[in-house]
>>> print(open('upload_16.cif').read())   # mmCIF, C-alpha atoms
data_structure
#
loop_
_atom_site.label_atom_id
_atom_site.label_comp_id
_atom_site.auth_asym_id
_atom_site.auth_seq_id
_atom_site.Cartn_x
_atom_site.Cartn_y
_atom_site.Cartn_z
CA MET A 1 0.00 0.00 0.00
CA LYS A 2 1.16 3.56 -0.73
CA ILE A 3 0.77 5.55 2.48
CA ALA A 4 1.44 9.26 3.03
CA LEU A 5 2.17 10.45 6.56
CA VAL A 6 1.36 14.15 6.85
CA SER A 7 2.19 16.44 9.77
CA THR A 8 3.59 19.81 10.80
CA PHE A 9 6.69 20.80 12.71
CA VAL A 10 8.08 23.80 14.51
CA PRO A 11 11.47 24.53 12.88
CA PHE A 12 14.45 23.50 15.02
CA LEU A 13 12.23 22.01 17.73
CA TYR A 14 12.36 18.23 18.21
CA GLY A 15 10.04 16.12 20.31
CA GLY A 16 7.30 13.53 20.43
CA ALA A 17 5.30 15.08 17.59
CA ARG A 18 8.05 14.09 15.15
CA ASN A 19 8.72 10.73 16.79
CA ILE A 20 5.19 9.44 16.29
CA VAL A 21 5.48 10.08 12.53
CA GLU A 22 9.00 8.82 12.00
CA TRP A 23 8.58 5.72 14.16
CA LEU A 24 5.33 4.82 12.39
CA GLN A 25 7.09 5.17 9.04
CA GLY A 26 9.71 2.65 10.12
CA MET A 27 7.10 0.15 11.29
CA LEU A 28 5.02 0.49 8.12
CA GLU A 29 8.07 -0.01 5.91
CA LYS A 30 8.95 -3.16 7.86
CA GLU A 31 5.51 -4.45 6.87
CA GLY A 32 6.31 -3.82 3.19
CA HIS A 33 4.36 -0.61 2.62
CA GLN A 34 5.65 2.28 0.51
CA VAL A 35 5.69 5.37 2.72
CA GLU A 36 6.17 9.09 2.06
CA ARG A 37 6.56 11.54 4.95
CA ILE A 38 5.35 15.11 4.36
CA TYR A 39 5.96 17.96 6.80
CA LEU A 40 5.00 21.62 6.55
CA PRO A 41 6.28 24.21 9.06
CA GLN A 42 3.70 25.51 11.51
CA VAL A 43 4.07 28.36 13.99
CA ASP A 44 1.40 29.62 16.36
CA VAL A 45 1.15 33.13 14.92
CA PRO A 46 -2.50 34.16 14.50
CA ASP A 47 -1.96 36.24 11.36
CA LEU A 48 -0.34 33.26 9.59
CA LEU A 49 -2.84 30.68 10.77
CA PHE A 50 -5.10 30.55 7.73
CA GLN A 51 -2.21 30.80 5.25
CA GLN A 52 -0.80 27.62 6.76
CA MET A 53 -4.21 25.94 6.64
CA THR A 54 -4.64 26.88 2.97
CA ALA A 55 -1.28 25.30 2.12
CA PHE A 56 -2.62 21.90 3.20
CA ARG A 57 -5.79 22.30 1.11
CA TRP A 58 -3.61 22.76 -1.97
CA ILE A 59 -1.57 19.58 -1.53
CA ASP A 60 -2.45 16.80 -3.97
CA LEU A 61 -1.75 13.31 -2.64
CA SER A 62 -4.18 11.47 -4.90
CA SER A 63 -1.42 8.97 -5.76
CA ALA A 64 -1.52 7.66 -2.17
CA ASP A 65 -3.85 4.83 -1.21
CA ARG A 66 -4.16 6.20 2.30
CA VAL A 67 -3.20 9.42 4.07
CA ILE A 68 -2.57 9.50 7.83
CA CYS A 69 -2.49 12.96 9.44
CA PHE A 70 -1.05 13.90 12.84
CA ARG A 71 -0.19 17.33 14.18
CA PRO A 72 -2.42 20.34 13.28
CA GLN A 73 -3.14 21.60 10.74
CA ALA A 74 -2.38 18.48 8.71
CA HIS A 75 -6.02 17.35 9.02
CA LEU A 76 -6.95 20.09 6.50
CA ILE A 77 -5.53 17.98 3.67
CA GLN A 78 -8.09 16.52 1.25
CA HIS A 79 -8.04 12.84 0.36
CA PRO A 80 -10.76 10.21 -0.15
CA HIS A 81 -9.14 7.93 2.46
CA LYS A 82 -7.91 10.35 5.10
CA ILE A 83 -7.20 8.84 8.53
CA LEU A 84 -6.33 11.04 11.50
CA TRP A 85 -4.06 10.12 14.40
CA PHE A 86 -4.87 13.44 16.02
CA ILE A 87 -2.47 14.43 18.79
CA HIS A 88 -3.69 17.91 19.76
CA HIS A 89 -5.46 21.07 18.62
CA ILE A 90 -3.75 24.42 18.32
CA ARG A 91 -4.39 24.64 22.02
CA SER A 92 -4.02 28.39 22.42
CA PHE A 93 -7.26 28.70 20.43
CA TYR A 94 -8.97 25.82 22.22
CA ASP A 95 -8.59 24.64 25.82
CA LEU A 96 -5.86 27.19 26.68
CA TRP A 97 -7.79 30.22 25.37
CA GLU A 98 -8.69 31.43 28.87
CA ASN A 99 -5.08 31.16 30.05
CA ASP A 100 -3.26 34.48 29.46
CA LEU A 101 0.12 32.79 29.89
CA TYR A 102 -0.41 30.41 26.95
CA ARG A 103 -2.89 32.19 24.68
CA GLY A 104 -0.25 34.39 23.05
CA CYS A 105 -2.68 36.94 21.62
CA PRO A 106 -5.23 39.45 22.98
CA ASP A 107 -8.71 38.27 23.89
CA ASP A 108 -10.30 40.85 21.57
CA GLU A 109 -12.89 40.89 18.79
CA LYS A 110 -10.37 40.16 16.03
CA HIS A 111 -8.87 37.12 17.70
CA ARG A 112 -12.21 35.80 18.93
CA GLY A 113 -13.30 35.91 15.31
CA LEU A 114 -10.18 34.03 14.24
CA ARG A 115 -10.86 31.46 16.93
CA ALA A 116 -14.46 30.94 15.78
CA ALA A 117 -13.35 30.59 12.14
CA LEU A 118 -10.63 28.11 13.13
CA HIS A 119 -13.11 25.97 15.07
CA GLU A 120 -15.47 25.92 12.09
CA ALA A 121 -12.72 25.01 9.60
CA ASP A 122 -11.28 22.36 11.90
CA THR A 123 -14.67 20.74 12.47
CA ALA A 124 -15.38 20.58 8.74
CA ALA A 125 -11.95 19.00 8.02
CA LEU A 126 -12.26 16.54 10.90
CA ARG A 127 -15.61 15.32 9.58
CA GLU A 128 -13.99 14.55 6.20
CA ALA A 129 -11.86 11.81 7.79
CA LYS A 130 -12.72 8.15 7.36
CA HIS A 131 -11.73 7.55 10.97
CA ILE A 132 -10.21 9.61 13.80
CA PHE A 133 -7.77 8.17 16.31
CA THR A 134 -6.23 10.14 19.16
CA ASN A 135 -3.24 9.60 21.42
CA SER A 136 -5.25 9.85 24.66
CA ARG A 137 -8.70 10.11 26.22
CA VAL A 138 -7.85 13.73 27.03
CA VAL A 139 -7.62 14.58 23.32
CA SER A 140 -10.71 12.52 22.48
CA ASP A 141 -12.65 14.46 25.10
CA ARG A 142 -11.47 17.77 23.64
CA LEU A 143 -12.51 16.73 20.14
CA LYS A 144 -15.97 15.84 21.40
CA HIS A 145 -16.30 19.02 23.44
CA PHE A 146 -15.03 21.54 20.91
CA ASN A 147 -15.80 19.90 17.53
CA GLY A 148 -18.56 17.43 18.30
CA VAL A 149 -16.74 14.49 16.69
CA ASP A 150 -16.15 11.00 18.03
CA SER A 151 -12.74 9.32 18.03
CA GLU A 152 -10.91 6.18 19.13
CA VAL A 153 -7.96 6.25 21.52
CA LEU A 154 -4.84 4.66 20.02
CA TYR A 155 -1.90 4.92 22.40
CA PRO A 156 1.47 5.53 20.66
CA PRO A 157 4.21 2.99 21.47
CA VAL A 158 7.94 3.77 21.45
CA PHE A 159 10.35 2.62 18.77
CA GLU A 160 12.57 -0.37 19.52
CA SER A 161 11.34 -0.73 23.08
CA GLU A 162 13.84 -3.54 23.68
CA ARG A 163 16.50 -0.83 24.11
CA PHE A 164 15.07 -0.07 27.53
CA HIS A 165 15.82 -2.35 30.47
CA ALA A 166 16.43 -2.28 34.23
CA ARG A 167 20.03 -2.57 35.43
CA GLN A 168 19.76 -1.22 38.97
CA TYR A 169 17.72 1.09 41.21
CA ASN A 170 20.06 3.86 42.30
CA ASP A 171 19.31 7.05 44.30
CA GLU A 172 18.19 9.24 41.38
CA ILE A 173 14.80 10.41 40.13
CA VAL A 174 15.16 11.15 36.42
CA CYS A 175 13.02 13.53 34.38
CA ILE A 176 13.77 13.52 30.64
CA CYS A 177 11.74 15.93 28.50
CA ARG A 178 12.01 19.44 27.08
CA LEU A 179 12.86 22.06 29.69
CA GLU A 180 9.74 24.21 29.39
CA HIS A 181 7.60 25.96 32.01
CA HIS A 182 4.52 23.84 31.26
CA LYS A 183 6.59 20.68 31.86
CA ARG A 184 7.05 22.02 35.41
CA GLN A 185 10.53 20.83 36.27
CA HIS A 186 10.50 23.69 38.80
CA LEU A 187 8.11 21.68 40.99
CA LEU A 188 10.69 18.90 41.22
CA VAL A 189 13.45 21.36 42.04
CA ASP A 190 11.31 22.93 44.77
CA ALA A 191 10.53 19.45 46.12
CA MET A 192 14.22 18.90 46.82
CA GLU A 193 14.03 21.51 49.58
CA PHE A 194 11.62 19.27 51.49
CA THR A 195 13.17 15.83 51.00
CA LYS A 196 14.46 14.16 54.16
CA THR A 197 16.63 11.55 52.41
CA PRO A 198 19.72 11.94 50.15
CA VAL A 199 17.55 11.24 47.08
CA ARG A 200 18.93 12.86 43.92
CA LEU A 201 17.25 14.50 40.93
CA ARG A 202 18.39 14.61 37.30
CA LEU A 203 16.65 16.97 34.83
CA CYS A 204 17.53 16.38 31.17
CA GLY A 205 16.42 18.06 27.97
CA SER A 206 16.81 21.00 25.63
CA SER A 207 14.64 24.10 25.67
CA PHE A 208 12.94 26.25 23.06
CA ARG A 209 13.07 29.20 25.49
CA PRO A 210 16.45 29.61 27.22
CA ALA A 211 15.00 31.73 30.04
CA TYR A 212 13.42 28.72 31.75
CA PRO A 213 16.62 26.64 32.18
CA GLY A 214 18.17 29.80 33.62
CA GLU A 215 15.34 30.05 36.14
CA LEU A 216 15.89 26.43 37.14
CA GLU A 217 19.62 27.01 37.65
CA ARG A 218 18.95 30.03 39.85
CA ARG A 219 16.38 28.14 41.90
CA ILE A 220 18.74 25.19 42.41
CA ALA A 221 21.39 27.62 43.70
CA GLU A 222 18.92 29.48 45.93
CA LEU A 223 17.79 26.26 47.60
CA GLY A 224 21.35 25.06 48.10
CA VAL A 225 20.69 21.68 46.43
CA LYS A 226 23.34 21.77 43.67
CA ASP A 227 25.01 18.72 45.22
CA ARG A 228 21.84 16.65 44.68
CA VAL A 229 20.35 18.12 41.48
CA THR A 230 21.87 17.64 38.03
CA LEU A 231 20.56 19.88 35.23
CA GLU A 232 21.52 18.88 31.69
CA ASN A 233 20.27 21.59 29.34
CA ARG A 234 20.92 19.78 26.06
CA TRP A 235 19.49 17.21 23.69
CA ILE A 236 19.75 13.74 25.25
CA THR A 237 20.66 10.94 22.85
CA GLU A 238 18.64 7.74 22.70
CA GLU A 239 21.63 5.81 24.09
CA GLU A 240 21.98 8.18 27.05
CA LYS A 241 18.28 8.02 27.74
CA ALA A 242 18.33 4.22 27.83
CA ASP A 243 21.28 4.33 30.25
CA TYR A 244 19.60 6.84 32.58
CA PHE A 245 16.41 4.79 32.71
CA ALA A 246 18.32 1.54 33.22
CA ASP A 247 19.99 2.84 36.39
CA CYS A 248 17.54 5.32 37.94
CA LEU A 249 15.35 4.81 40.99
CA ALA A 250 12.24 6.11 39.24
CA THR A 251 11.14 8.72 36.72
CA ALA A 252 9.02 11.85 37.05
CA TYR A 253 6.79 13.50 34.46
CA LEU A 254 4.38 16.16 35.64
CA PRO A 255 3.38 18.52 32.82
CA GLU A 256 0.40 20.82 33.13
CA ASP A 257 -2.63 19.16 31.50
CA GLU A 258 -0.58 17.31 28.86
CA ASP A 259 -2.20 15.81 25.75
CA SER A 260 -0.65 12.38 26.27
CA TYR A 261 1.32 10.27 28.75
CA GLY A 262 4.61 11.40 27.21
CA TYR A 263 7.08 9.05 25.56
CA PRO A 264 9.53 9.15 28.51
CA SER A 265 6.81 7.65 30.73
CA VAL A 266 6.45 4.67 28.39
CA GLU A 267 10.21 4.35 27.93
CA ALA A 268 10.67 4.30 31.71
CA SER A 269 7.93 1.67 31.96
CA HIS A 270 9.81 -0.53 29.48
CA ALA A 271 12.81 -0.12 31.82
CA ALA A 272 10.61 -1.27 34.73
CA LYS A 273 10.73 2.06 36.57
CA ALA A 274 7.94 3.73 38.54
CA ILE A 275 6.48 7.07 37.43
CA ILE A 276 5.81 10.10 39.61
CA THR A 277 3.15 12.48 38.30
CA THR A 278 0.47 14.90 39.51
CA THR A 279 -3.32 15.02 39.60
CA ASP A 280 -3.47 17.73 36.91
CA SER A 281 -1.01 16.25 34.41
CA GLY A 282 -3.60 15.15 31.84
CA GLY A 283 -2.84 12.11 29.69
CA VAL A 284 -0.19 10.78 32.08
CA LEU A 285 -3.04 9.75 34.38
CA GLU A 286 -4.20 7.21 31.78
CA LEU A 287 -0.93 5.32 32.26
CA VAL A 288 -0.12 5.79 35.95
CA GLN A 289 -2.12 4.09 38.71
CA ASP A 290 -1.47 5.62 42.11
CA GLY A 291 0.36 3.25 44.41
CA VAL A 292 0.61 0.56 41.72
CA ASN A 293 3.04 1.61 38.98
CA GLY A 294 3.85 5.02 40.41
CA PHE A 295 2.56 7.87 42.54
CA ILE A 296 0.02 10.57 41.73
CA THR A 297 0.13 13.58 44.05
CA GLU A 298 -1.25 17.10 44.09
CA PRO A 299 1.18 19.48 42.34
CA SER A 300 2.82 20.34 45.63
CA PRO A 301 6.60 20.31 46.27
CA GLN A 302 6.04 18.92 49.76
CA LEU A 303 3.91 16.01 48.54
CA LEU A 304 6.32 15.29 45.70
CA ALA A 305 9.16 15.22 48.24
CA ASN A 306 7.23 12.68 50.31
CA VAL A 307 6.92 10.17 47.45
CA MET A 308 10.54 10.72 46.38
CA ASP A 309 11.62 9.89 49.94
CA LYS A 310 9.31 6.87 50.01
CA LEU A 311 10.91 5.40 46.89
CA TYR A 312 14.39 6.12 48.23
CA THR A 313 13.78 4.39 51.56
CA ASP A 314 11.98 1.39 50.08
CA LYS A 315 13.89 0.12 47.04
CA ALA A 316 11.82 -3.08 47.07
CA LEU A 317 8.69 -0.98 46.58
CA ALA A 318 10.38 0.98 43.79
CA LYS A 319 11.31 -2.27 42.04
CA GLN A 320 7.82 -3.79 42.38
CA MET A 321 6.22 -0.61 41.04
CA GLY A 322 8.62 -0.79 38.11
CA VAL A 323 7.53 -4.35 37.35
CA ASN A 324 3.91 -3.17 37.50
CA ALA A 325 4.77 -0.30 35.13
CA LEU A 326 6.01 -2.78 32.53
CA GLU A 327 2.87 -4.90 32.91
CA ARG A 328 0.67 -1.82 32.58
CA LEU A 329 1.77 -1.36 28.96
CA SER A 330 0.13 -4.65 27.99
CA GLU A 331 -2.98 -3.88 30.04
CA ILE A 332 -3.82 -0.80 27.95
CA ASN A 333 -2.58 -2.29 24.66
CA ILE A 334 0.42 -0.07 23.94
CA SER A 335 2.00 -2.00 21.06
CA TRP A 336 2.91 -1.52 17.42
CA SER A 337 0.97 -4.61 16.37
CA HIS A 338 -2.24 -3.02 17.71
CA VAL A 339 -1.43 0.36 16.12
CA LEU A 340 -0.81 -1.13 12.67
CA ARG A 341 -3.92 -3.30 12.87
CA ARG A 342 -6.12 -0.29 13.60
CA LEU A 343 -4.51 2.24 11.24
CA LEU A 344 -4.60 -0.20 8.32
CA ALA A 345 -8.08 -1.58 9.02
#
>>> encode(input="upload_16.cif", output="structure tokens")
Amino acid sequence: MKIALVSTFVPFLYGGARNIVEWLQGMLEKEGHQVERIYLPQVDVPDLLFQQMTAFRWIDLSSADRVICFRPQAHLIQHPHKILWFIHHIRSFYDLWENDLYRGCPDDEKHRGLRAALHEADTAALREAKHIFTNSRVVSDRLKHFNGVDSEVLYPPVFESERFHARQYNDEIVCICRLEHHKRQHLLVDAMEFTKTPVRLRLCGSSFRPAYPGELERRIAELGVKDRVTLENRWITEEEKADYFADCLATAYLPEDEDSYGYPSVEASHAAKAIITTTDSGGVLELVQDGVNGFITEPSPQLLANVMDKLYTDKALAKQMGVNALERLSEINISWSHVLRRLLA
């Protein structure tokens, strides 16, 4: 089958939105399909929004047997067999509209009009699809709420999961993701002030906005925890990531209302490591079961410190939770065989 994978990207920013496309391409090609990957740049600038949407309406992929679309505004493409693996809206015009920190434009008549027009265009394009999959219940709920369309949750697996394994359970909580304010690494740094054990913290990832890593460095110095907190403000290779997960005590991922569970949560689960998250972290809560394969706390530094200490003092508990984390992947059907079966149905 000739399959076109269509998505958008933010120039010079790498993350899960690219992984889902590139990893799927590799799996489809292993199955003998002919695959083309098409990206268009997308930036959240209101005045360019509809120009970018129009670009997708002009693309002719009639030579493809099937088109699978991912990141917005790829779903605007026209094709008789368009399938969506929808991973999020342009959130500043949807669920984050009321949040001044993330909206990025004034809440005035002009931008309210743009928002209404975007919702109408999105809904029309979504309804053209033969089937809509999402990466989490959170995103499915948003599609139903804002666009009135139904969808099926299809959890994204990681590529070559056999790379991840448990080697030991040391004294370190590892958080590997982009260093951005909405990923809330600052909560973990603040938690270190309240820990009562010598538990360590490692924060790894690059940043699109250099101010935030600077804030983290200053906070680490202010709290006097530089001897127990490692901040690596750089791109972490796949080999390094596998090593960190193999040796760590547990992982932490506590974004603010995230669309999905985050690839590092699944990678850590493959390495049989427990996951620390918070009650408001969105899609992560579909993977983590409190007290079973990790801990879910309120987004409070003191409460986060408590669970970090608990894992440090009870390595047997940390190990058992890690085993449960690995088993959880099968429970909710996170596998490439399931993904390919559904996308090619």
>>> closest_atom_pairs(input="upload_16.cif", of="segment 207-249 of chain A", to="segment 311-325 of chain A", cutoff="12 Å", atoms="all atoms listed in the file", output="tab-separated table")
residue	atom	partner	partner_atom	distance
A:Phe245	CA	A:Gly322	CA	11.0
A:Ala246	CA	A:Gly322	CA	11.1
A:Asp247	CA	A:Lys319	CA	11.5
A:Cys248	CA	A:Ala318	CA	10.2
A:Leu249	CA	A:Ala318	CA	6.9
>>> residues_around(input="upload_16.cif", residues="Gln73 of chain A", least_positions_apart="2", cutoff="8 Å", atoms="all atoms listed in the file", output="MDAnalysis selection string")
chainID A and resid 7:8 42 52:53 56 71 75:76
>>> atom_distance(input="upload_16.cif", atom1="atom CA of Ala55 of chain A", atom2="atom CA of Pro41 of chain A")
10.3 Å
>>> residues_near_point(input="upload_16.cif", point="(23.2, 22.4, 45.1)", cutoff="12 Å", atoms="all atoms listed in the file", output="ChimeraX atom specification")
/A:189-190,192-193,200-201,216-231
>>> write_last_selection(input="upload_16.cif", atoms="C-alpha atoms", output="PDB file, keeping the file's coordinate frame")
ATOM      1  CA  VAL A 189      13.450  21.360  42.040  1.00  0.00           C
ATOM      2  CA  ASP A 190      11.310  22.930  44.770  1.00  0.00           C
ATOM      3  CA  MET A 192      14.220  18.900  46.820  1.00  0.00           C
ATOM      4  CA  GLU A 193      14.030  21.510  49.580  1.00  0.00           C
ATOM      5  CA  ARG A 200      18.930  12.860  43.920  1.00  0.00           C
ATOM      6  CA  LEU A 201      17.250  14.500  40.930  1.00  0.00           C
ATOM      7  CA  LEU A 216      15.890  26.430  37.140  1.00  0.00           C
ATOM      8  CA  GLU A 217      19.620  27.010  37.650  1.00  0.00           C
ATOM      9  CA  ARG A 218      18.950  30.030  39.850  1.00  0.00           C
ATOM     10  CA  ARG A 219      16.380  28.140  41.900  1.00  0.00           C
ATOM     11  CA  ILE A 220      18.740  25.190  42.410  1.00  0.00           C
ATOM     12  CA  ALA A 221      21.390  27.620  43.700  1.00  0.00           C
ATOM     13  CA  GLU A 222      18.920  29.480  45.930  1.00  0.00           C
ATOM     14  CA  LEU A 223      17.790  26.260  47.600  1.00  0.00           C
ATOM     15  CA  GLY A 224      21.350  25.060  48.100  1.00  0.00           C
ATOM     16  CA  VAL A 225      20.690  21.680  46.430  1.00  0.00           C
ATOM     17  CA  LYS A 226      23.340  21.770  43.670  1.00  0.00           C
ATOM     18  CA  ASP A 227      25.010  18.720  45.220  1.00  0.00           C
ATOM     19  CA  ARG A 228      21.840  16.650  44.680  1.00  0.00           C
ATOM     20  CA  VAL A 229      20.350  18.120  41.480  1.00  0.00           C
ATOM     21  CA  THR A 230      21.870  17.640  38.030  1.00  0.00           C
ATOM     22  CA  LEU A 231      20.560  19.880  35.230  1.00  0.00           C
TER      23      LEU A 231
END
>>> closest_residue(input="upload_16.cif", among="A:Ala64, A:Ile132, A:Ile83, A:Val307", to="Leu344 of chain A", atoms="only C-alpha atoms")
A:Ile83
>>> atom_distance(input="upload_16.cif", atom1="atom CA of Leu303 of chain A", atom2="atom CA of Phe194 of chain A")
8.9 Å
>>> atom_distance(input="upload_16.cif", atom1="atom CA of Gly282 of chain A", atom2="atom CA of Phe12 of chain A")
26.0 Å
>>> resolve_selection(input="upload_16.cif", expression="the PyMOL selection byres ((chain A and resi 150-162) around 7)", output="PyMOL selection string")
chain A and resi 20+23+132-137+140+144+148-149+163-164+263+267+270+334-336+339
>>> write_last_selection(input="upload_16.cif", atoms="C-alpha atoms", output="short mmCIF file (atom, residue, chain, number, x, y, z; two decimals), keeping the file's coordinate frame")
data_model
loop_
_atom_site.label_atom_id
_atom_site.label_comp_id
_atom_site.auth_asym_id
_atom_site.auth_seq_id
_atom_site.Cartn_x
_atom_site.Cartn_y
_atom_site.Cartn_z
CA ILE A 20 5.19 9.44 16.29
CA TRP A 23 8.58 5.72 14.16
CA ILE A 132 -10.21 9.61 13.80
CA PHE A 133 -7.77 8.17 16.31
CA THR A 134 -6.23 10.14 19.16
CA ASN A 135 -3.24 9.60 21.42
CA SER A 136 -5.25 9.85 24.66
CA ARG A 137 -8.70 10.11 26.22
CA SER A 140 -10.71 12.52 22.48
CA LYS A 144 -15.97 15.84 21.40
CA GLY A 148 -18.56 17.43 18.30
CA VAL A 149 -16.74 14.49 16.69
CA ARG A 163 16.50 -0.83 24.11
CA PHE A 164 15.07 -0.07 27.53
CA TYR A 263 7.08 9.05 25.56
CA GLU A 267 10.21 4.35 27.93
CA HIS A 270 9.81 -0.53 29.48
CA ILE A 334 0.42 -0.07 23.94
CA SER A 335 2.00 -2.00 21.06
CA TRP A 336 2.91 -1.52 17.42
CA VAL A 339 -1.43 0.36 16.12
#
>>> resolve_selection(input="upload_16.cif", expression="the PyMOL selection byres ((chain A and resi 106-114) around 10)", output="PyMOL selection string")
chain A and resi 46-47+49-50+93+97-98+100+103-105+115-120
>>> resolve_selection(input="upload_16.cif", expression="the PyMOL selection byres ((chain A and resi 61) around 10)", output="list in words")
Ile3, Ala4, Trp58, Ile59, Asp60, Ser62, Ser63, Ala64, Asp65, Arg66, Val67, Ile77, Gln78, His79 and Pro80 of chain A
>>> closest_residue(input="upload_16.cif", among="A:Ile275, A:Leu340, A:Leu203, A:Leu101", to="Met308 of chain A", atoms="all atoms listed in the file")
A:Ile275
>>> residues_around(input="upload_16.cif", residues="Leu187 of chain A", least_positions_apart="2", cutoff="9 Å", atoms="all atoms listed in the file", output="list in words")
Arg184, Gln185, Val189, Asp190, Ala191, Met192, Leu254, Pro299, Ser300, Pro301 and Leu304 of chain A
>>> closest_residue(input="upload_16.cif", among="A:Ala274, A:Leu188, A:Leu326, A:Ile236", to="Gly205 of chain A", atoms="only C-alpha atoms")
A:Ile236
>>> build_atoms(input="upload_16.cif", residues="segment 194-208 of chain A", atoms="N, CA, C and O atoms", output="JSON list (two decimals), in the frame of the given file")
[["chain", "number", "residue", "atom", "x", "y", "z"],
["A", 194, "PHE", "N", 12.40, 19.92, 50.43],
["A", 194, "PHE", "CA", 11.62, 19.27, 51.49],
["A", 194, "PHE", "C", 11.96, 17.79, 51.67],
["A", 194, "PHE", "O", 11.42, 17.14, 52.56],
["A", 195, "THR", "N", 12.82, 17.25, 50.83],
["A", 195, "THR", "CA", 13.17, 15.83, 51.00],
["A", 195, "THR", "C", 13.97, 15.63, 52.29],
["A", 195, "THR", "O", 14.76, 16.48, 52.69],
["A", 196, "LYS", "N", 13.77, 14.48, 52.90],
["A", 196, "LYS", "CA", 14.46, 14.16, 54.16],
["A", 196, "LYS", "C", 15.54, 13.09, 53.96],
["A", 196, "LYS", "O", 16.25, 12.73, 54.89],
["A", 197, "THR", "N", 15.63, 12.57, 52.74],
["A", 197, "THR", "CA", 16.63, 11.55, 52.41],
["A", 197, "THR", "C", 17.65, 12.15, 51.43],
["A", 197, "THR", "O", 17.42, 13.25, 50.90],
["A", 198, "PRO", "N", 18.75, 11.45, 51.14],
["A", 198, "PRO", "CA", 19.72, 11.94, 50.15],
["A", 198, "PRO", "C", 19.30, 11.68, 48.71],
["A", 198, "PRO", "O", 20.16, 11.59, 47.82],
["A", 199, "VAL", "N", 18.01, 11.50, 48.45],
["A", 199, "VAL", "CA", 17.55, 11.24, 47.08],
["A", 199, "VAL", "C", 18.05, 12.34, 46.14],
["A", 199, "VAL", "O", 18.14, 13.51, 46.51],
["A", 200, "ARG", "N", 18.38, 11.93, 44.91],
["A", 200, "ARG", "CA", 18.93, 12.86, 43.92],
["A", 200, "ARG", "C", 17.91, 13.08, 42.80],
["A", 200, "ARG", "O", 16.99, 12.28, 42.60],
["A", 201, "LEU", "N", 18.13, 14.14, 42.05],
["A", 201, "LEU", "CA", 17.25, 14.50, 40.93],
["A", 201, "LEU", "C", 18.10, 14.83, 39.71],
["A", 201, "LEU", "O", 19.09, 15.56, 39.82],
["A", 202, "ARG", "N", 17.72, 14.28, 38.56],
["A", 202, "ARG", "CA", 18.39, 14.61, 37.30],
["A", 202, "ARG", "C", 17.35, 15.12, 36.32],
["A", 202, "ARG", "O", 16.39, 14.40, 35.99],
["A", 203, "LEU", "N", 17.54, 16.35, 35.82],
["A", 203, "LEU", "CA", 16.65, 16.97, 34.83],
["A", 203, "LEU", "C", 17.39, 17.05, 33.51],
["A", 203, "LEU", "O", 18.48, 17.64, 33.44],
["A", 204, "CYS", "N", 16.83, 16.46, 32.46],
["A", 204, "CYS", "CA", 17.53, 16.38, 31.17],
["A", 204, "CYS", "C", 16.63, 16.85, 30.04],
["A", 204, "CYS", "O", 15.47, 16.44, 29.96],
["A", 205, "GLY", "N", 17.16, 17.67, 29.15],
["A", 205, "GLY", "CA", 16.42, 18.06, 27.97],
["A", 205, "GLY", "C", 16.84, 19.43, 27.46],
["A", 205, "GLY", "O", 17.44, 20.23, 28.19],
["A", 206, "SER", "N", 16.53, 19.69, 26.21],
["A", 206, "SER", "CA", 16.81, 21.00, 25.63],
["A", 206, "SER", "C", 15.59, 21.89, 25.81],
["A", 206, "SER", "O", 14.53, 21.43, 26.24],
["A", 207, "SER", "N", 15.73, 23.16, 25.47],
["A", 207, "SER", "CA", 14.64, 24.10, 25.67],
["A", 207, "SER", "C", 14.48, 25.00, 24.45],
["A", 207, "SER", "O", 15.46, 25.39, 23.81],
["A", 208, "PHE", "N", 13.23, 25.31, 24.14],
["A", 208, "PHE", "CA", 12.94, 26.25, 23.06],
["A", 208, "PHE", "C", 13.08, 27.69, 23.55],
["A", 208, "PHE", "O", 13.25, 28.61, 22.78]]
